[in-house]
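Read the structure below first, then the notes.
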Amino acid sequence: MLEMRKDLFADERDDNLNVVGKGVQRQDAPGHVTARTRFFDDHAFDGLLHLKVVRSPHHHARIRAIDVSAAERAPGVKRVLRGADVPVNKNTLLSLINFGKDDEPTLAVDKARYKGEPIVAIIADSEAEALAARKLVRIDYEPLNPVFDVEEALKPGAPVVNETYPGNYFEYHQRFDHQKLRFGDVERAFAQADHVVEHRYQMSPIEHAPTETNGTIAAPEHNDRYVVHSCAQGLFFSLGTTAKIVDLESNRLHFIGGTVGGGFGGKVDSLSEPLAVLGAMLTGRPVRYVLDREEEMLYGSPRGAERIYVKDGVMRDGRIVARYIRSYFDAGAYTRLSSYAAIKCTAHVPGPYSIPNVASDIYVAYTNRCPSTAMRGFGVTAVDFALEVQMDRLAEAVNMDPMEFRILNAYRDGDMKAHRRVAKNTALVECVQVAAEKANWPISEQARRASSLTEGGGERAQIPATPLDQRGQIGRPESRNGPATQTLPAGTTRIALSKQPVFEGARDSRPTPVQVPRYEPSPRQEAPRYDPAVAPPLPAYQPAASPPPAAPPPTAPAQPQHGAVRFSSVFGTRRR
Amino acid sequence: MARHEGRGMASVNYPIGMNLGGDPSQALIHSNPDGKFTVALSAIDLGQGMKQVSRQIAAETLGVPIEDVYVDTADSDTGPHDMGSFASRGTHRMGNAVIAAAREARGVLLDAAAEELEVNASDLVTDGRGNIHVRGAPSKTITVKATAQAAQFKQGKTIAGRGIFLIPLSAVDAETGEMNPNTAFAHACLVADVSVDDETGEVTVLRMTSAYELGRVINPRMVEQQLVGGAWMGISHALYETPEPYYPNPEHGPRDFNEYLMPGPGDIAPYHVTVLERPAPDGPFGGKGPGEMCANPVLPAIANAVYNAVGVRVDELPITPEKILRGIRANGGVKPGPRRGGAVNWR
């Protein structure tokens with residue numbers, strides 16, 4: 001049941017809209033409810049081949065030898081692919097935004113780093129023949145010690161999961177084994193707090209469990225291109241990733257998708273597109289690669305499990321004065337998107353509360369498990385679980401009602417957030433008030449009268465003096481216990497504010513008729529009439545035999561760059 | 001054996017449209033000669049309603065009936081670049097790109113109508129029912145269809161628009177974590193009522209009551225679909241799901257929906273949602289995005305309700321009967337917390 005409270009924040013809206021805000025039927029509803037909507041797997045091709053992969057049965061093992069000769073001779077088998085057949089057999093998803101080092105093969109070559117890692121792909125006339133041939137592949141493994149626990153993985157002497165990151169942690173800023181957040185002096189505040197509460201929380205991994213499993217159908221298209229029916233959550237993200245791995249220019253791939261049977265973050269990784277396209281390139285036939293339910297469950301990447309330690313200092317009157325969070329994100333064997341999630345988490349700390357001293361250290365740790373990836377709310381869902389159970393404990397520690405405790409500490413318009421940006425457009429207080437009212441949960445008159453619009457800013461808008469440290473330098477575990485090295489003066493910022501996009505007209509009203517960005521009505525003039533008799537002749541076609549352009553001046557050797565030249569490195573290791 | 005009822009709550013915010021990759025969205029809009037518009041995108045509809053959100057935003061901005069707009073997505077040959085549908089960026093980023101494209105197309109539309117009516121384009125308004133008329137003079141009018149035909153066959157104008165929305169990527173400071181991560185926050189508070197069986201350890205979610213602030217609601221039915229479905233996912237996270245029940249022990253991997261524990265129809269709780277709208281200054285018509293956050297408050301609210309019911313804190317998800325029974329035993333019995341309020345007030 002959904003109820004709209006139009007009375008709240010009414011003066012910030014113009015509700016005089018025509019169709020925005022109306023519950024009109026979706027354009028795709030008739031197709032969905034009559035089962036006529038076409039998803040990626042609803043495209044039929046003559047001569048369709050089927051691809052299945054051979055997966056590692058070991059969590060961690062050296063691959064000593066691979067023998068595919070029997071599989072190649074099996075009935076119906078058209079082609080067997082190994083790592084050497086993949087043009088660019090090392091990638092990291094966020095190379096598209098120049099973040100992180102290439103660390104993941106499409107087909108493992110020297111080592112299997114998680115149970116279920118693809119090693120060999122078999123392309124056959126039928127699924128049954130591909131599955132039968134899969135059993136004929138002989139792989140000689142030397143099992144290695146695995147590591148599964150994030151904190152164990154970070155200890156000296158732990159098995160190295162992923163040689164690209166030999167310390168089993170993602171490297172931030174080419175300096176630290178974690179991402180820091182520092183705002184104020186948490187240590188001093190803990191010393192002065194009436195209560196200090198510290199607990200450990202553990203998020204569980206979760207399956208995305210989409211109705212439609214991951215899959216792709218790729219087929220040679222006329223004019224030397226490939227059409228790719230994809231279930232990707234990011235069409236160009238997947239196109240760019242695939243183009244890099246199969247080493248094709250992006251315009252030779254024609255991706256079609258956009259109608260996907262559930263994703264929840266599990267269709268960002270391009271699990272199936274590169275191998276399906278490579279199969280179509282090498283066989284000249286359409287190739288279908290679809291994960292079955294068991295593969296989706298076991299080897300489609302899950303939500304990452306985060307371990308979170310929360311330490312809070314709270315005063316007897318209920319004010320939280322300090323919060324420190326240390327968290328370990330379980331990336332599994334490869335980075336995928338965990339590096340990004342940790343940054344998103346850092347931005348989310350300390351939750352929707354105004355706390356004058358905040359710090360966090362977020363680690364991305366590699367373990368011998370299936371690589372985790374994005375899932376609905378990732379970087380935030382787990383930390384919200386930890387923070388809100390912790391808030392319940394804090395309320396109990398100071399003997400306050402949990403609702404009133406939230407309202408007392410809620411951030412408000414004008415408060416400085418821990419990532420050094422001013423909060424605007426806040427509404428936590430009102431959400432708590434409305435939920436309390438609807439749930440018939442009594443709160444005090446004072447709590448009912450609180451507002452996101454008042455009590456914020458002023459002193460709460462200040463950036464406090466902040467001790468900085470160099471703890472956790474890459475490859476230097478002894479730096480872990482180092483002292484603060486300097487104190488950043490109050491009010492310091494180092495990162496420029498984002499340039500805001502410019503829009504003409506109000507953002508929240510009906511569009512003003514002629515104030516349109518970028519379009520300027522041209523001065524009224526007679527449209528030129530096309531008259532073939534007087535039209536200038538078209539320029540003569542120039543064949544491409546013109547003399548070659550002068551050689552460019554010598555420059556530094558170009559760094560390998562795929563996709564996004566428009567981005568600089570964001571916050572991680574610059575790619576080499 | 002007894003069942004113990006308990007109440008817990010949680011409040012959260014959620015970042016809408018992360019800037020950390022600087023990822024832009026583009027949209028193209030054009031009209032056919034009958035004044036019917038096609039919006040070409042590369043956004044992905046995962047069931048969340050990306051097509052319909054884009055369609056409503058386009059129709060509103062163009063000033064034409066919703067039936068006259070269809071969204072075509074995603075074909076990389078015709079749809080312009082978009083990073084994808086994730087990180088609660090669809091409505092916010094793509095919605096803004098669609099507005100920019102629709103404004104440009106609307107500009108041409110009104111320019112063409114002005115030429116037909118021999119008036120100034122700045123004096124024209126649309127009625128959202130397929131007509132354009134002079135402000136304050138409804139009789140001085142032309143249909144969108146007649147305008148499109150004149151533009152195509154008489155004036156030689158393309159009624160079309162391009163849109164992009166980009167907030168440049170944010171650097172992140174290595175030592176302080178300073179950054180410009182996102183531009184808007186959505187908010188929520190949720191109350192869970194549960195019943196805990198002290199003999200079996202089983203938790204039943206009796207009902208949930210929440211308030212969500214989501215900026216402008218573009219389509220309330222689709223918001224409801226997201227919030228209710230997401231809350232069920234939250235129940236599942238809190239009480240049922242995991243491929244590795246003894247994490248970090250990797251064993252016990254379920255292979256299908258028979259082995260993977262999820263709530264069934266009988267486990268779904270009645271749920272009341274109240275929606276507040278504080279428009280985001282940079283959102284499309286003030287919209288934010290409910291897609292990701294809708295499970296987040298459910299997990300801690302249920303954990304807190306279990307504690308309120310029987311006095312057991314479960315800090316490792318999921319909250320299984322085994323963990324509850326072990327907790328009750330460790331505490332030397334059930335330790336109920338204070339009662340919080342009376343019957344729900346959903347009317």
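Starting from 1 in every chain, residues are counted up; chains themselves are A, B, ... following the order of the structure tokens, and ligands are numbered from 1 as listed.
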Pick out the residues sitting within 12 Å of Thr143 (chain B), and hand them over as a PyMOL selection string; count only C-alpha atoms, and ignore anything fewer than 3 positions along from it in its own chain. chain B and resi 34-36+63-65+109-110+112-114+116-117+125-134+138-140+146-150
Can you pull out the residues contacting Gly253 (chain B)? Cut-off 8 Å, using only C-alpha atoms, and skip same-chain residues under 6 positions away; I want them as number ranges by chain. A: 297-298; B: 243-244
Take the residues just selected and output them with C-alpha atoms as a tab-separated table (two decimals), in the first residue's frame.
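Result file is result38.tsv:
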```
chain	number	residue	atom	x	y	z
A	297	MET	CA	24.07	-19.77	-8.64
A	298	LEU	CA	27.62	-20.96	-8.08
B	243	PRO	CA	24.93	-19.19	-0.82
B	244	GLU	CA	27.42	-19.62	2.03
```
Long-range neighbours of Ala74 (chain B) as a list in words, 10 Å cut-off, only C-alpha atoms, 5 positions minimum in chain: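 Contacts, with the query itself left out: Ser230, Gly234, Leu235, Phe236, Phe255, Ile256, Gly257, Gly258 and Thr259 of chain A; Ala40, Leu41, Ser42, Ala43, Ile44, Asp45, Lys51, Gly79, Pro80, His81 and Asp82 of chain B.
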Give me a file of those residues, with C-alpha atoms, as a short mmCIF file (atom, residue, chain, number, x, y, z; two decimals), in the first residue's frame.
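Output contents, as saved in part27.cif:
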```
data_model
loop_
_atom_site.label_atom_id
_atom_site.label_comp_id
_atom_site.auth_asym_id
_atom_site.auth_seq_id
_atom_site.Cartn_x
_atom_site.Cartn_y
_atom_site.Cartn_z
CA SER A 230 23.04 -9.13 -24.71
CA GLY A 234 25.30 -1.40 -19.24
CA LEU A 235 25.13 -1.81 -23.02
CA PHE A 236 28.13 0.33 -23.88
CA PHE A 255 24.95 -4.66 -29.36
CA ILE A 256 21.23 -5.09 -28.94
CA GLY A 257 19.67 -5.39 -25.51
CA GLY A 258 17.86 -3.08 -23.15
CA THR A 259 15.14 -5.53 -22.13
CA ALA B 40 16.42 6.69 -28.63
CA LEU B 41 18.56 5.58 -25.70
CA SER B 42 21.00 2.90 -24.65
CA ALA B 43 19.61 2.65 -21.14
CA ILE B 44 18.61 -0.76 -19.85
CA ASP B 45 15.17 -1.71 -18.62
CA LYS B 51 11.53 2.96 -20.60
CA GLY B 79 20.92 4.64 -29.22
CA PRO B 80 23.60 7.09 -28.13
CA HIS B 81 26.09 6.31 -25.40
CA ASP B 82 25.04 5.55 -21.83
#
```
Using the chain letters and numbers from this document, which residues of region 237-469 of chain A does DSSP assign to strand (DSSP E), as a PyMOL selection string? chain A and resi 253-256+287-290+306-314+320-332+358-366+466-469
Residues of the last selection are to be written out with C-alpha atoms, as an mmCIF file, in the first residue's frame.
```cif
data_model
loop_
_atom_site.group_PDB
_atom_site.id
_atom_site.type_symbol
_atom_site.label_atom_id
_atom_site.label_comp_id
_atom_site.auth_asym_id
_atom_site.auth_seq_id
_atom_site.Cartn_x
_atom_site.Cartn_y
_atom_site.Cartn_z
ATOM 1 C CA LEU A 253 30.113 -4.709 -32.617
ATOM 2 C CA HIS A 254 26.382 -4.120 -32.834
ATOM 3 C CA PHE A 255 24.952 -4.661 -29.363
ATOM 4 C CA ILE A 256 21.225 -5.094 -28.938
ATOM 5 C CA VAL A 287 27.162 -18.692 -30.959
ATOM 6 C CA ARG A 288 24.982 -18.863 -27.875
ATOM 7 C CA TYR A 289 26.539 -18.853 -24.415
ATOM 8 C CA VAL A 290 24.041 -18.937 -21.579
ATOM 9 C CA GLU A 306 31.644 -7.098 3.952
ATOM 10 C CA ARG A 307 33.012 -7.339 7.474
ATOM 11 C CA ILE A 308 32.491 -4.110 9.343
ATOM 12 C CA TYR A 309 33.805 -2.912 12.700
ATOM 13 C CA VAL A 310 31.992 0.122 14.093
ATOM 14 C CA LYS A 311 33.291 2.111 17.063
ATOM 15 C CA ASP A 312 31.218 5.002 18.381
ATOM 16 C CA GLY A 313 31.570 7.556 21.112
ATOM 17 C CA VAL A 314 28.299 8.912 22.510
ATOM 18 C CA ILE A 320 27.228 10.905 18.929
ATOM 19 C CA VAL A 321 30.622 12.612 19.024
ATOM 20 C CA ALA A 322 32.832 10.154 17.157
ATOM 21 C CA ARG A 323 32.510 7.240 14.743
ATOM 22 C CA TYR A 324 35.281 5.042 13.366
ATOM 23 C CA ILE A 325 34.632 2.309 10.813
ATOM 24 C CA ARG A 326 37.041 -0.339 9.628
ATOM 25 C CA SER A 327 35.700 -2.590 6.924
ATOM 26 C CA TYR A 328 36.945 -5.409 4.718
ATOM 27 C CA PHE A 329 35.236 -5.954 1.366
ATOM 28 C CA ASP A 330 35.550 -9.503 0.067
ATOM 29 C CA ALA A 331 36.358 -9.059 -3.646
ATOM 30 C CA GLY A 332 36.877 -12.761 -4.253
ATOM 31 C CA VAL A 358 34.531 10.597 11.746
ATOM 32 C CA ALA A 359 37.145 8.258 10.314
ATOM 33 C CA SER A 360 37.106 5.095 8.265
ATOM 34 C CA ASP A 361 39.511 2.625 6.668
ATOM 35 C CA ILE A 362 37.938 0.530 3.916
ATOM 36 C CA TYR A 363 39.918 -2.427 2.538
ATOM 37 C CA VAL A 364 39.249 -4.490 -0.575
ATOM 38 C CA ALA A 365 40.696 -7.945 0.078
ATOM 39 C CA TYR A 366 41.251 -10.775 -2.413
ATOM 40 C CA THR A 466 42.039 16.759 11.280
ATOM 41 C CA PRO A 467 45.077 14.630 12.171
ATOM 42 C CA LEU A 468 46.444 12.787 9.135
ATOM 43 C CA ASP A 469 48.435 9.567 9.073
#
```
Using only C-alpha atoms, which of B:Pro265, B:Ile142, B:Thr38, B:Asp77 sits nearest chain A? B:Asp77
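Nearest residue to Glu5 (chain B), choosing from B:Val205, B:Arg329, B:Thr320, B:Ala303 and counting only C-alpha atoms: B:Val205.
With distances taken over only C-alpha atoms, A:Thr381 is the one residue among A:Gln174, A:Thr92, A:Thr381, A:Asn357 lying closest to chain B.
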DSSP-assigned helix (DSSP H, G or I) members of region 200-443 of chain A, reported as a PyMOL selection string: chain A and resi 222-224+235-246+250-252+273-283+293-299+338-348+381-397+402-409+428-438
Which polymer residues have any atom within 10 Å of an atom of Arg278 (chain B), counting only C-alpha atoms, with same-chain residues fewer than 6 positions away left out, as a list in words? Lys6, Leu8, Phe9, Ala10, Asp11, Glu12, Arg13, Asn425, Thr426 and Ala427 of chain A; Ala186, His187, Glu213, Leu214, Gly215, Arg216, Val217, Gly286, Gly287 and Lys288 of chain B
Need to verify the contact set: Asn89 (chain A), 8 Å, only C-alpha atoms, exclusion of same-chain residues closer than 3 positions in sequence. Can you return it as a count of residues only? 8
Calculate how many Å separate CA of Ile167 (chain B) from CA of Met83 (chain B), rounding to one decimal. 13.0 Å
Kindly give the distance, in Å, that separates CA of Val186 (chain A) and CA of Ile463 (chain A), rounded to a single decimal.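 According to the coordinates, CA of Val186 (chain A) and CA of Ile463 (chain A) are separated by 13.6 Å.
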From the list B:Asn308, B:Ser54, B:Asn258, B:Ser170, which residue is nearest chain A when using only C-alpha atoms? B:Ser170
Under the rule that only C-alpha atoms are counted, which of A:Leu93, A:Met4, A:Ala209, A:Val109 is the nearest residue to Asp256 (chain B)?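 Checking each of A:Leu93, A:Met4, A:Ala209, A:Val109 against Asp256 (chain B), counting only C-alpha atoms, the winner is A:Ala209.
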Would you work out the distance separating CA of Glu118 (chain B) from CA of Asn32 (chain B), expressed in Å to one decimal?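 Between these atoms lies a distance of 22.8 Å.
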